[in-house]
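Peer 1: File follows, work.pdb with PDB, C-alpha atoms and all ligand atoms:
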```
ATOM      1  CA  MET Y   1     -55.948 -58.228 115.351
ATOM      2  CA  SER Y   2     -57.689 -60.554 112.890
ATOM      3  CA  LEU Y   3     -59.939 -63.370 114.049
ATOM      4  CA  THR Y   4     -59.544 -67.003 113.075
ATOM      5  CA  ARG Y   5     -62.400 -69.059 111.646
ATOM      6  CA  GLY Y   6     -62.608 -70.958 114.939
ATOM      7  CA  GLN Y   7     -62.779 -67.783 117.037
ATOM      8  CA  LEU Y   8     -65.462 -66.341 114.804
ATOM      9  CA  TRP Y   9     -67.525 -69.542 115.001
ATOM     10  CA  ARG Y  10     -67.274 -69.711 118.803
ATOM     11  CA  SER Y  11     -68.305 -66.093 119.183
ATOM     12  CA  ALA Y  12     -71.388 -66.599 116.976
ATOM     13  CA  ARG Y  13     -72.237 -69.858 118.763
ATOM     14  CA  ASP Y  14     -72.229 -68.053 122.096
ATOM     15  CA  GLN Y  15     -74.410 -65.216 120.772
ATOM     16  CA  LEU Y  16     -76.975 -67.670 119.362
ATOM     17  CA  ALA Y  17     -76.952 -69.736 122.567
ATOM     18  CA  SER Y  18     -77.476 -66.597 124.666
ATOM     19  CA  VAL Y  19     -80.885 -66.006 123.019
ATOM     20  CA  GLY Y  20     -81.935 -69.623 123.596
ATOM     21  CA  ILE Y  21     -81.261 -71.158 120.181
ATOM     22  CA  GLU Y  22     -80.702 -74.831 121.041
ATOM     23  CA  THR Y  23     -78.830 -75.644 117.838
ATOM     24  CA  ALA Y  24     -76.442 -72.693 118.294
ATOM     25  CA  ALA Y  25     -73.191 -74.605 117.658
ATOM     26  CA  LEU Y  26     -74.432 -76.312 114.497
ATOM     27  CA  ASP Y  27     -76.166 -73.200 113.169
ATOM     28  CA  ALA Y  28     -73.059 -71.042 113.671
ATOM     29  CA  ARG Y  29     -70.946 -73.608 111.845
ATOM     30  CA  VAL Y  30     -73.363 -74.045 108.915
ATOM     31  CA  LEU Y  31     -73.619 -70.272 108.477
ATOM     32  CA  LEU Y  32     -69.847 -69.799 108.610
ATOM     33  CA  ALA Y  33     -69.278 -72.567 106.062
ATOM     34  CA  HIS Y  34     -71.977 -71.007 103.847
ATOM     35  CA  GLY Y  35     -70.496 -67.517 104.212
ATOM     36  CA  LEU Y  36     -66.979 -68.695 103.340
ATOM     37  CA  GLY Y  37     -68.119 -71.015 100.539
ATOM     38  CA  LEU Y  38     -66.709 -74.108 102.289
ATOM     39  CA  ASP Y  39     -68.236 -77.399 103.296
ATOM     40  CA  ARG Y  40     -68.367 -78.145 107.013
ATOM     41  CA  THR Y  41     -65.482 -80.632 106.879
ATOM     42  CA  GLN Y  42     -63.237 -78.065 105.194
ATOM     43  CA  LEU Y  43     -64.227 -75.560 107.852
ATOM     44  CA  ILE Y  44     -63.448 -77.870 110.757
ATOM     45  CA  ALA Y  45     -60.040 -78.652 109.215
ATOM     46  CA  SER Y  46     -59.128 -74.974 108.851
ATOM     47  CA  GLU Y  47     -60.246 -73.347 112.105
ATOM     48  CA  ALA Y  48     -56.865 -71.627 112.615
ATOM     49  CA  GLU Y  49     -57.091 -69.689 109.313
ATOM     50  CA  PRO Y  50     -57.583 -65.922 109.683
ATOM     51  CA  VAL Y  51     -60.758 -64.336 108.266
ATOM     52  CA  GLY Y  52     -60.690 -61.029 106.351
ATOM     53  CA  ASP Y  53     -62.798 -58.025 107.370
ATOM     54  CA  ALA Y  54     -65.260 -58.360 104.471
ATOM     55  CA  ASP Y  55     -65.929 -62.037 105.308
ATOM     56  CA  ILE Y  56     -66.378 -61.156 108.999
ATOM     57  CA  ALA Y  57     -68.955 -58.479 108.118
ATOM     58  CA  ALA Y  58     -70.804 -60.867 105.787
ATOM     59  CA  TYR Y  59     -70.865 -63.565 108.483
ATOM     60  CA  GLU Y  60     -72.135 -61.148 111.108
ATOM     61  CA  ALA Y  61     -75.006 -60.267 108.778
ATOM     62  CA  LEU Y  62     -75.929 -63.963 108.470
ATOM     63  CA  VAL Y  63     -75.745 -64.427 112.248
ATOM     64  CA  ALA Y  64     -77.942 -61.340 112.771
ATOM     65  CA  ARG Y  65     -80.621 -62.984 110.616
ATOM     66  CA  ARG Y  66     -80.452 -66.141 112.744
ATOM     67  CA  LEU Y  67     -80.601 -64.030 115.933
ATOM     68  CA  ALA Y  68     -83.882 -62.644 114.509
ATOM     69  CA  ARG Y  69     -85.039 -66.317 114.388
ATOM     70  CA  GLU Y  70     -84.835 -66.786 110.632
ATOM     71  CA  PRO Y  71     -84.232 -70.530 110.103
ATOM     72  CA  VAL Y  72     -80.812 -71.573 108.815
ATOM     73  CA  ALA Y  73     -82.407 -73.279 105.798
ATOM     74  CA  ARG Y  74     -83.978 -69.967 104.713
ATOM     75  CA  ILE Y  75     -80.713 -68.089 105.213
ATOM     76  CA  VAL Y  76     -78.759 -70.566 103.082
ATOM     77  CA  GLY Y  77     -81.724 -71.022 100.698
ATOM     78  CA  ARG Y  78     -81.898 -74.789 100.671
ATOM     79  CA  GLN Y  79     -82.819 -77.889 102.672
ATOM     80  CA  GLU Y  80     -81.988 -81.551 102.329
ATOM     81  CA  PHE Y  81     -84.991 -83.883 102.103
ATOM     82  CA  TYR Y  82     -84.912 -87.617 101.382
ATOM     83  CA  GLY Y  83     -81.203 -87.274 100.564
ATOM     84  CA  LEU Y  84     -81.835 -84.634  97.873
ATOM     85  CA  ASP Y  85     -81.131 -80.915  97.882
ATOM     86  CA  PHE Y  86     -84.176 -78.611  97.547
ATOM     87  CA  SER Y  87     -83.850 -74.881  96.962
ATOM     88  CA  LEU Y  88     -86.362 -72.658  98.751
ATOM     89  CA  ASN Y  89     -87.940 -69.287  98.185
ATOM     90  CA  GLU Y  90     -90.162 -67.090 100.351
ATOM     91  CA  ALA Y  91     -93.312 -68.858  99.068
ATOM     92  CA  THR Y  92     -92.207 -72.384  99.996
ATOM     93  CA  LEU Y  93     -92.328 -74.242 103.292
ATOM     94  CA  ILE Y  94     -88.994 -75.642 104.471
ATOM     95  CA  PRO Y  95     -89.345 -79.407 103.905
ATOM     96  CA  ARG Y  96     -89.610 -81.237 107.247
ATOM     97  CA  PRO Y  97     -88.077 -84.641 108.038
ATOM     98  CA  GLU Y  98     -91.411 -86.077 109.224
ATOM     99  CA  THR Y  99     -92.828 -85.583 105.707
ATOM    100  CA  GLU Y 100     -90.368 -88.206 104.425
ATOM    101  CA  MET Y 101     -92.926 -90.775 105.695
ATOM    102  CA  LEU Y 102     -95.142 -89.990 102.731
ATOM    103  CA  VAL Y 103     -92.248 -90.717 100.378
ATOM    104  CA  ASP Y 104     -91.484 -94.041 102.112
ATOM    105  CA  PHE Y 105     -95.151 -94.988 101.799
ATOM    106  CA  GLY Y 106     -95.344 -94.043  98.113
ATOM    107  CA  ILE Y 107     -92.165 -95.899  97.176
ATOM    108  CA  ALA Y 108     -93.369 -99.033  98.986
ATOM    109  CA  ARG Y 109     -96.711 -98.886  97.152
ATOM    110  CA  LEU Y 110     -95.436 -98.110  93.668
ATOM    111  CA  LYS Y 111     -92.073 -99.862  93.412
ATOM    112  CA  GLY Y 112     -92.009-102.140  90.374
ATOM    113  CA  ARG Y 113     -95.231-100.742  88.902
ATOM    114  CA  GLN Y 114     -94.813 -99.686  85.268
ATOM    115  CA  GLY Y 115     -95.665 -96.069  84.458
ATOM    116  CA  ALA Y 116     -97.108 -95.193  87.863
ATOM    117  CA  THR Y 117     -98.768 -91.773  88.140
ATOM    118  CA  ILE Y 118     -98.485 -89.492  91.180
ATOM    119  CA  LEU Y 119    -100.346 -86.325  92.157
ATOM    120  CA  ASP Y 120     -98.918 -84.059  94.893
ATOM    121  CA  LEU Y 121    -101.424 -81.474  96.182
ATOM    122  CA  GLY Y 122     -99.779 -78.390  97.723
ATOM    123  CA  THR Y 123     -96.396 -79.296  96.305
ATOM    124  CA  GLY Y 124     -94.347 -76.310  97.608
ATOM    125  CA  THR Y 125     -90.689 -77.051  96.787
ATOM    126  CA  GLY Y 126     -91.886 -80.274  95.127
ATOM    127  CA  CYS Y 127     -90.041 -82.244  97.796
ATOM    128  CA  ILE Y 128     -92.560 -85.092  98.080
ATOM    129  CA  VAL Y 129     -93.300 -85.771  94.419
ATOM    130  CA  LEU Y 130     -89.721 -85.163  93.250
ATOM    131  CA  SER Y 131     -88.316 -87.514  95.903
ATOM    132  CA  LEU Y 132     -90.806 -90.130  94.733
ATOM    133  CA  LEU Y 133     -89.817 -89.634  91.081
ATOM    134  CA  ALA Y 134     -86.109 -89.840  91.983
ATOM    135  CA  ASN Y 135     -86.767 -93.282  93.476
ATOM    136  CA  LEU Y 136     -89.318 -94.545  90.938
ATOM    137  CA  PRO Y 137     -87.551 -94.140  87.582
ATOM    138  CA  ASP Y 138     -90.585 -95.101  85.512
ATOM    139  CA  ALA Y 139     -93.150 -92.879  87.303
ATOM    140  CA  LYS Y 140     -94.601 -89.532  86.252
ATOM    141  CA  GLY Y 141     -95.738 -86.822  88.655
ATOM    142  CA  VAL Y 142     -97.887 -83.703  88.836
ATOM    143  CA  GLY Y 143     -97.513 -81.037  91.534
ATOM    144  CA  VAL Y 144    -100.326 -78.552  92.246
ATOM    145  CA  ASP Y 145    -100.038 -75.340  94.224
ATOM    146  CA  LEU Y 146    -102.030 -72.154  94.636
ATOM    147  CA  SER Y 147     -98.781 -70.177  94.792
ATOM    148  CA  VAL Y 148     -97.181 -69.327  91.445
ATOM    149  CA  ARG Y 149     -93.902 -68.548  93.236
ATOM    150  CA  ALA Y 150     -93.872 -71.947  94.933
ATOM    151  CA  LEU Y 151     -94.531 -73.663  91.593
ATOM    152  CA  ALA Y 152     -91.631 -71.787  90.003
ATOM    153  CA  GLN Y 153     -89.390 -73.177  92.750
ATOM    154  CA  ALA Y 154     -90.753 -76.710  92.295
ATOM    155  CA  ARG Y 155     -90.056 -76.490  88.532
ATOM    156  CA  GLU Y 156     -86.518 -75.230  89.159
ATOM    157  CA  ASN Y 157     -85.888 -78.052  91.650
ATOM    158  CA  ALA Y 158     -87.167 -80.575  89.085
ATOM    159  CA  VAL Y 159     -84.702 -79.238  86.509
ATOM    160  CA  VAL Y 160     -81.755 -79.301  88.932
ATOM    161  CA  LEU Y 161     -82.609 -82.877  89.947
ATOM    162  CA  GLY Y 162     -82.959 -83.938  86.296
ATOM    163  CA  LEU Y 163     -86.622 -84.891  86.797
ATOM    164  CA  ASP Y 164     -88.352 -82.190  84.735
ATOM    165  CA  ASN Y 165     -89.116 -84.582  81.868
ATOM    166  CA  ARG Y 166     -91.384 -86.562  84.224
ATOM    167  CA  PHE Y 167     -92.849 -83.670  86.238
ATOM    168  CA  ALA Y 168     -95.565 -81.099  85.524
ATOM    169  CA  ALA Y 169     -96.469 -78.176  87.833
ATOM    170  CA  LEU Y 170    -100.063 -76.909  87.765
ATOM    171  CA  GLU Y 171    -101.403 -73.718  89.320
ATOM    172  CA  GLY Y 172    -104.755 -73.822  91.118
ATOM    173  CA  SER Y 173    -106.647 -74.896  94.205
ATOM    174  CA  TRP Y 174    -106.302 -78.600  95.062
ATOM    175  CA  PHE Y 175    -107.987 -80.639  92.281
ATOM    176  CA  ALA Y 176    -109.227 -77.649  90.231
ATOM    177  CA  PRO Y 177    -106.448 -77.746  87.589
ATOM    178  CA  VAL Y 178    -106.170 -81.567  87.581
ATOM    179  CA  GLU Y 179    -107.483 -83.924  84.924
ATOM    180  CA  GLY Y 180    -107.460 -87.695  85.058
ATOM    181  CA  ARG Y 181    -106.804 -90.314  87.699
ATOM    182  CA  PHE Y 182    -103.639 -91.302  89.560
ATOM    183  CA  ASP Y 183    -102.169 -94.383  91.228
ATOM    184  CA  LEU Y 184    -101.049 -92.304  94.203
ATOM    185  CA  ILE Y 185    -102.187 -88.961  95.586
ATOM    186  CA  VAL Y 186    -100.008 -87.378  98.290
ATOM    187  CA  ALA Y 187    -100.512 -84.135 100.177
ATOM    188  CA  ASN Y 188     -98.958 -82.267 103.059
ATOM    189  CA  PRO Y 189    -101.567 -79.499 103.194
ATOM    190  CA  PRO Y 190    -101.639 -76.538 105.579
ATOM    191  CA  TYR Y 191    -103.184 -77.972 108.749
ATOM    192  CA  ILE Y 192    -102.756 -75.418 111.538
ATOM    193  CA  ALA Y 193    -105.972 -73.803 112.822
ATOM    194  CA  SER Y 194    -105.945 -70.097 111.863
ATOM    195  CA  ASP Y 195    -106.033 -68.903 115.490
ATOM    196  CA  THR Y 196    -102.963 -70.889 116.486
ATOM    197  CA  VAL Y 197    -100.592 -70.005 113.606
ATOM    198  CA  LYS Y 198     -99.246 -67.036 115.567
ATOM    199  CA  GLU Y 199     -98.478 -69.305 118.555
ATOM    200  CA  LEU Y 200     -95.990 -71.407 116.579
ATOM    201  CA  ALA Y 201     -92.224 -71.024 117.106
ATOM    202  CA  PRO Y 202     -90.987 -67.725 115.635
ATOM    203  CA  GLU Y 203     -88.938 -69.629 113.026
ATOM    204  CA  VAL Y 204     -92.244 -70.940 111.655
ATOM    205  CA  ALA Y 205     -94.754 -68.181 112.429
ATOM    206  CA  LEU Y 206     -92.527 -65.367 111.123
ATOM    207  CA  TYR Y 207     -90.818 -67.046 108.182
ATOM    208  CA  ASP Y 208     -92.894 -69.917 106.738
ATOM    209  CA  PRO Y 209     -95.541 -68.595 104.310
ATOM    210  CA  GLY Y 210     -99.016 -68.292 105.838
ATOM    211  CA  LEU Y 211    -100.511 -70.087 102.825
ATOM    212  CA  ALA Y 212     -98.427 -73.138 103.729
ATOM    213  CA  LEU Y 213     -99.547 -73.204 107.377
ATOM    214  CA  ASP Y 214    -103.112 -71.942 107.757
ATOM    215  CA  GLY Y 215    -105.684 -74.715 107.420
ATOM    216  CA  GLY Y 216    -108.701 -72.532 108.183
ATOM    217  CA  GLN Y 217    -110.786 -72.207 111.319
ATOM    218  CA  ASP Y 218    -110.324 -75.801 112.538
ATOM    219  CA  GLY Y 219    -107.230 -76.648 110.478
ATOM    220  CA  LEU Y 220    -109.186 -79.188 108.427
ATOM    221  CA  GLU Y 221    -110.395 -77.133 105.433
ATOM    222  CA  PRO Y 222    -107.771 -78.534 103.015
ATOM    223  CA  TYR Y 223    -108.672 -82.113 104.007
ATOM    224  CA  ARG Y 224    -112.336 -81.441 103.200
ATOM    225  CA  ALA Y 225    -111.349 -80.328  99.692
ATOM    226  CA  ILE Y 226    -108.973 -83.255  99.259
ATOM    227  CA  ALA Y 227    -111.561 -85.769 100.522
ATOM    228  CA  ALA Y 228    -114.214 -84.299  98.211
ATOM    229  CA  GLY Y 229    -112.082 -84.809  95.086
ATOM    230  CA  ALA Y 230    -110.117 -87.959  95.915
ATOM    231  CA  ALA Y 231    -112.549 -90.573  94.560
ATOM    232  CA  ASP Y 232    -112.751 -88.765  91.205
ATOM    233  CA  HIS Y 233    -108.957 -88.627  90.849
ATOM    234  CA  LEU Y 234    -107.754 -92.000  92.136
ATOM    235  CA  ASP Y 235    -107.541 -95.014  89.876
ATOM    236  CA  PRO Y 236    -109.537 -97.963  91.236
ATOM    237  CA  GLY Y 237    -107.166 -99.512  93.776
ATOM    238  CA  GLY Y 238    -105.198 -96.243  93.937
ATOM    239  CA  VAL Y 239    -104.039 -94.863  97.289
ATOM    240  CA  LEU Y 240    -104.025 -91.516  99.064
ATOM    241  CA  ALA Y 241    -101.561 -90.466 101.788
ATOM    242  CA  VAL Y 242    -101.915 -87.173 103.636
ATOM    243  CA  GLU Y 243     -99.767 -85.698 106.378
ATOM    244  CA  ILE Y 244    -101.727 -84.590 109.461
ATOM    245  CA  GLY Y 245    -101.261 -82.750 112.744
ATOM    246  CA  PHE Y 246    -100.788 -85.015 115.808
ATOM    247  CA  ASP Y 247    -104.423 -84.629 116.939
ATOM    248  CA  GLN Y 248    -106.191 -84.828 113.571
ATOM    249  CA  GLY Y 249    -106.090 -88.577 112.850
ATOM    250  CA  ALA Y 250    -109.669 -89.450 113.820
ATOM    251  CA  ARG Y 251    -111.228 -86.408 112.142
ATOM    252  CA  VAL Y 252    -109.298 -86.757 108.871
ATOM    253  CA  SER Y 253    -110.034 -90.506 108.815
ATOM    254  CA  ARG Y 254    -113.754 -89.796 109.116
ATOM    255  CA  LEU Y 255    -113.629 -87.261 106.265
ATOM    256  CA  LEU Y 256    -111.980 -89.838 103.991
ATOM    257  CA  GLU Y 257    -114.380 -92.633 104.982
ATOM    258  CA  ASP Y 258    -117.362 -90.338 104.383
ATOM    259  CA  ALA Y 259    -115.924 -89.619 100.915
ATOM    260  CA  GLY Y 260    -116.169 -93.335 100.017
ATOM    261  CA  LEU Y 261    -112.525 -94.335 100.514
ATOM    262  CA  SER Y 262    -111.668 -97.657 102.158
ATOM    263  CA  GLY Y 263    -108.833 -99.112 104.222
ATOM    264  CA  VAL Y 264    -108.422 -95.828 106.072
ATOM    265  CA  GLY Y 265    -105.567 -95.969 108.596
ATOM    266  CA  VAL Y 266    -103.525 -93.605 110.748
ATOM    267  CA  GLU Y 267     -99.737 -94.042 110.929
ATOM    268  CA  LYS Y 268     -97.320 -92.670 113.519
ATOM    269  CA  ASP Y 269     -94.025 -90.854 112.947
ATOM    270  CA  LEU Y 270     -90.718 -91.763 114.600
ATOM    271  CA  ALA Y 271     -91.620 -89.591 117.600
ATOM    272  CA  GLY Y 272     -94.761 -91.694 118.137
ATOM    273  CA  HIS Y 273     -97.221 -89.017 116.991
ATOM    274  CA  ASP Y 274    -100.054 -89.631 114.538
ATOM    275  CA  ARG Y 275     -98.588 -88.142 111.332
ATOM    276  CA  MET Y 276    -100.152 -89.672 108.222
ATOM    277  CA  VAL Y 277    -103.554 -90.958 107.124
ATOM    278  CA  VAL Y 278    -103.720 -93.412 104.238
ATOM    279  CA  ALA Y 279    -106.785 -94.568 102.305
ATOM    280  CA  ALA Y 280    -107.620 -96.337  99.062
ATOM    281  CA  LEU Y 281    -110.281 -96.212  96.370
ATOM    282  CA  PRO Y 282    -111.836 -99.673  96.260
ATOM    283  CA  GLY Y 283    -110.628-101.611  93.206
ATOM    284  CA  LEU Y 284    -112.797-102.944  90.381
ATOM    285  CA  PRO Y 285    -114.970-105.902  91.470
TER     286      PRO Y 285
HETATM  287  C1  LIG K 301     -97.554 -77.465 104.368
HETATM  288  S1  LIG K 301     -97.053 -76.808 102.779
HETATM  289  C2  LIG K 301     -96.338 -78.287 102.074
HETATM  290  C3  LIG K 301     -95.342 -78.040 100.981
HETATM  291  C4  LIG K 301     -94.588 -79.302 100.536
HETATM  292  N1  LIG K 301     -95.495 -80.268  99.958
HETATM  293  C5  LIG K 301     -93.847 -79.905 101.717
HETATM  294  O1  LIG K 301     -94.276 -80.967 102.196
HETATM  295  O2  LIG K 301     -92.844 -79.339 102.163
HETATM  296  C6  LIG K 301     -98.644 -76.674 101.969
HETATM  297  C7  LIG K 301     -98.610 -76.197 100.529
HETATM  298  O3  LIG K 301     -99.965 -76.090 100.072
HETATM  299  C8  LIG K 301    -100.087 -74.942  99.265
HETATM  300  N2  LIG K 301    -101.515 -74.558  99.254
HETATM  301  C9  LIG K 301    -102.207 -73.847 100.184
HETATM  302  N3  LIG K 301    -103.493 -73.721  99.822
HETATM  303  C10 LIG K 301    -103.629 -74.385  98.637
HETATM  304  C11 LIG K 301    -104.723 -74.639  97.765
HETATM  305  N4  LIG K 301    -105.956 -74.168  98.038
HETATM  306  N5  LIG K 301    -104.507 -75.348  96.662
HETATM  307  C12 LIG K 301    -103.268 -75.832  96.368
HETATM  308  N6  LIG K 301    -102.190 -75.636  97.155
HETATM  309  C13 LIG K 301    -102.364 -74.922  98.289
HETATM  310  C14 LIG K 301     -99.150 -73.934  99.881
HETATM  311  O4  LIG K 301     -98.798 -72.916  98.992
HETATM  312  C15 LIG K 301     -97.983 -74.832 100.295
HETATM  313  O5  LIG K 301     -97.037 -74.916  99.260
END
```
Kindly transcribe the structure held in the file into structure tokens.

Peer 2:
Amino acid sequence: MSLTRGQLWRSARDQLASVGIETAALDARVLLAHGLGLDRTQLIASEAEPVGDADIAAYEALVARRLAREPVARIVGRQEFYGLDFSLNEATLIPRPETEMLVDFGIARLKGRQGATILDLGTGTGCIVLSLLANLPDAKGVGVDLSVRALAQARENAVVLGLDNRFAALEGSWFAPVEGRFDLIVANPPYIASDTVKELAPEVALYDPGLALDGGQDGLEPYRAIAAGAADHLDPGGVLAVEIGFDQGARVSRLLEDAGLSGVGVEKDLAGHDRMVVAALPGLP
């Protein structure tokens, strides 16, 4: 007896729920839509349709990956961020909603400025800088990453979004490959202390690349490098915005103040956690 789409979805939902996956219903639906090449609305409207054996086997393989705690975004190979679609590969972090704060900040600072320049350190998929460019039609952006594979993904995302004529991807460590000064520097660097990476949820610890998570012994190594180079790469009056872990606001603020930046402030995310530190290079007298 063949199964309908609805029966198949409910069976997968129950399997995912039985291992404690809180988003079981949504995950099962997204994976079934992906497996059948439908959008979720089409799927919901056609739950009584029978599913062939080959499609059932393919779906079960997708569900098995989720049962092994692989995130849905990795299984389907893409994630929405700031209303745009970003493809992923094994070298890129899955863009997180809380990182959209950096984009909001950058747009507010640069809107209306002619020819604004943006540097994104640790660009990954390119989600921060490309979202900024999509909303600032006159701006140009540079993304830096130590991972060649991540940069290849950022370049591909730029092409798909039609932003490649205003985006350059540079390989190297933080400011090493960068020349010149920028109106805005953004970064969501790795900020988890090395010892605690393995304690993260399995979706993160097992599937996000270590290079995107591990911030060294105290989680602050990338901020030291970013603080050390910021004054040499910001235009006078230019601003820096970095994402931080919930307990890093005071320490990252001090690093930026010690590096000669002014107006240092910590901003909270929608959950009320410290999430971003902003700072500026004092303008010309
Ligand atoms: C937390 S992920 C952020 C990725 C992306 N910006 C985002 O918000 O989704 C940090 C990124 O920094 C990169 N990275 C790690 N060490 C680096 C270094 N020394 N220089 C440049 N990039 C580095 C990683 O490869 C990764 O892409």

Peer 1: Can you work out which one of Y:Ile75, Y:Ala201, Y:Ile94, Y:Ala228 has the shortest atom-to-atom distance to ligand LIG 301 (chain K), counting only C-alpha atoms and all ligand atoms?

Peer 2: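 Smallest distance to ligand LIG 301 (chain K) is found for Y:Ile94.
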
Peer 1: Could the residues that lie within 9 Å of ligand LIG 301 (chain K), counting all atoms listed in the file, be listed as a PyMOL selection string?

Peer 2: chain Y and resi 91-96+99-100+120-129+143-151+171-176+186-191+208-215+222+225+243

Peer 1: What's around segment 31-36 of chain Y at 7 Å? Count only C-alpha atoms, leave out sequence neighbours fewer than 2 positions away in its own chain, and write the answer as a PyMOL selection string.

Peer 2: chain Y and resi 9+27-29+38-40+43+58-59+62+76

Peer 1: With distances taken over only C-alpha atoms, which of Y:Thr41, Y:Asn89, Y:Ser2, Y:Thr117 is nearest to Tyr207 of chain Y?

Peer 2: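 Ranked by minimum distance to Tyr207 of chain Y, first place goes to Y:Asn89.
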
Peer 1: Using Å and a single decimal, report how far atom CA of Gln7 of chain Y sits from atom CA of Ile44 of chain Y.

Peer 2: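 It comes out at 11.9 Å.
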
Peer 1: For the PyMOL selection byres (((chain Y and resi 181) around 10) and not hetatm), applied here, can you spell out every residue it catches as a short mmCIF file (atom, residue, chain, number, x, y, z; two decimals) with C-alpha atoms, in the coordinates of the input?

Peer 2:
```cif
data_model
loop_
_atom_site.label_atom_id
_atom_site.label_comp_id
_atom_site.auth_asym_id
_atom_site.auth_seq_id
_atom_site.Cartn_x
_atom_site.Cartn_y
_atom_site.Cartn_z
CA THR Y 117 -98.77 -91.77 88.14
CA ILE Y 118 -98.48 -89.49 91.18
CA LEU Y 119 -100.35 -86.32 92.16
CA VAL Y 178 -106.17 -81.57 87.58
CA GLU Y 179 -107.48 -83.92 84.92
CA GLY Y 180 -107.46 -87.70 85.06
CA PHE Y 182 -103.64 -91.30 89.56
CA ASP Y 183 -102.17 -94.38 91.23
CA LEU Y 184 -101.05 -92.30 94.20
CA ILE Y 185 -102.19 -88.96 95.59
CA ALA Y 230 -110.12 -87.96 95.92
CA ALA Y 231 -112.55 -90.57 94.56
CA ASP Y 232 -112.75 -88.76 91.20
CA HIS Y 233 -108.96 -88.63 90.85
CA LEU Y 234 -107.75 -92.00 92.14
CA ASP Y 235 -107.54 -95.01 89.88
CA PRO Y 236 -109.54 -97.96 91.24
CA GLY Y 238 -105.20 -96.24 93.94
#
```

Peer 1: Is there a way to get, as a list in words, all residues within 10 Å of the point (-90.4, -90.4, 94.6) in file coordinates, counting only C-alpha atoms?

Peer 2: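 Those residues lying close to the given coordinates are Tyr82, Leu102, Val103, Asp104, Phe105, Gly106, Ile107, Leu110, Lys111, Ile118, Cys127, Ile128, Val129, Leu130, Ser131, Leu132, Leu133, Ala134, Asn135, Leu136, Pro137, Ala139, Lys140 and Gly141 of chain Y.
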
Peer 1: Excluding Gly6 of chain Y and residues on its chain fewer than 4 positions from it, collect all residues at most 7 Å away from it, counting all atoms listed in the file, and give them as an MDAnalysis selection string.

Peer 2: chainID Y and resid 10 47:48

Peer 1: Compare Y:Asp138, Y:Ile56, Y:Ala250, Y:Arg66 by their minimum atom-to-atom distance to Leu26 of chain Y, counting all atoms listed in the file, and give me the closest one.

Peer 2: Y:Arg66

Peer 1: What separation in Å, quoted to one decimal, exists between atom CA of Gln15 of chain Y and atom CA of Asp55 of chain Y?

Peer 2: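 Value for the atom CA of Gln15 of chain Y-atom CA of Asp55 of chain Y distance: 17.9 Å.
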
Peer 1: Atom CA of Asp218 of chain Y to atom CA of His273 of chain Y: how many Å, to one decimal?

Peer 2: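 Here the two named atoms are 19.1 Å from each other.
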
Peer 1: Using all atoms listed in the file, find the one residue out of Y:Glu203, Y:Val239, Y:Thr4, Y:Arg275 that sits nearest to Ser262 of chain Y.

Peer 2: Y:Val239
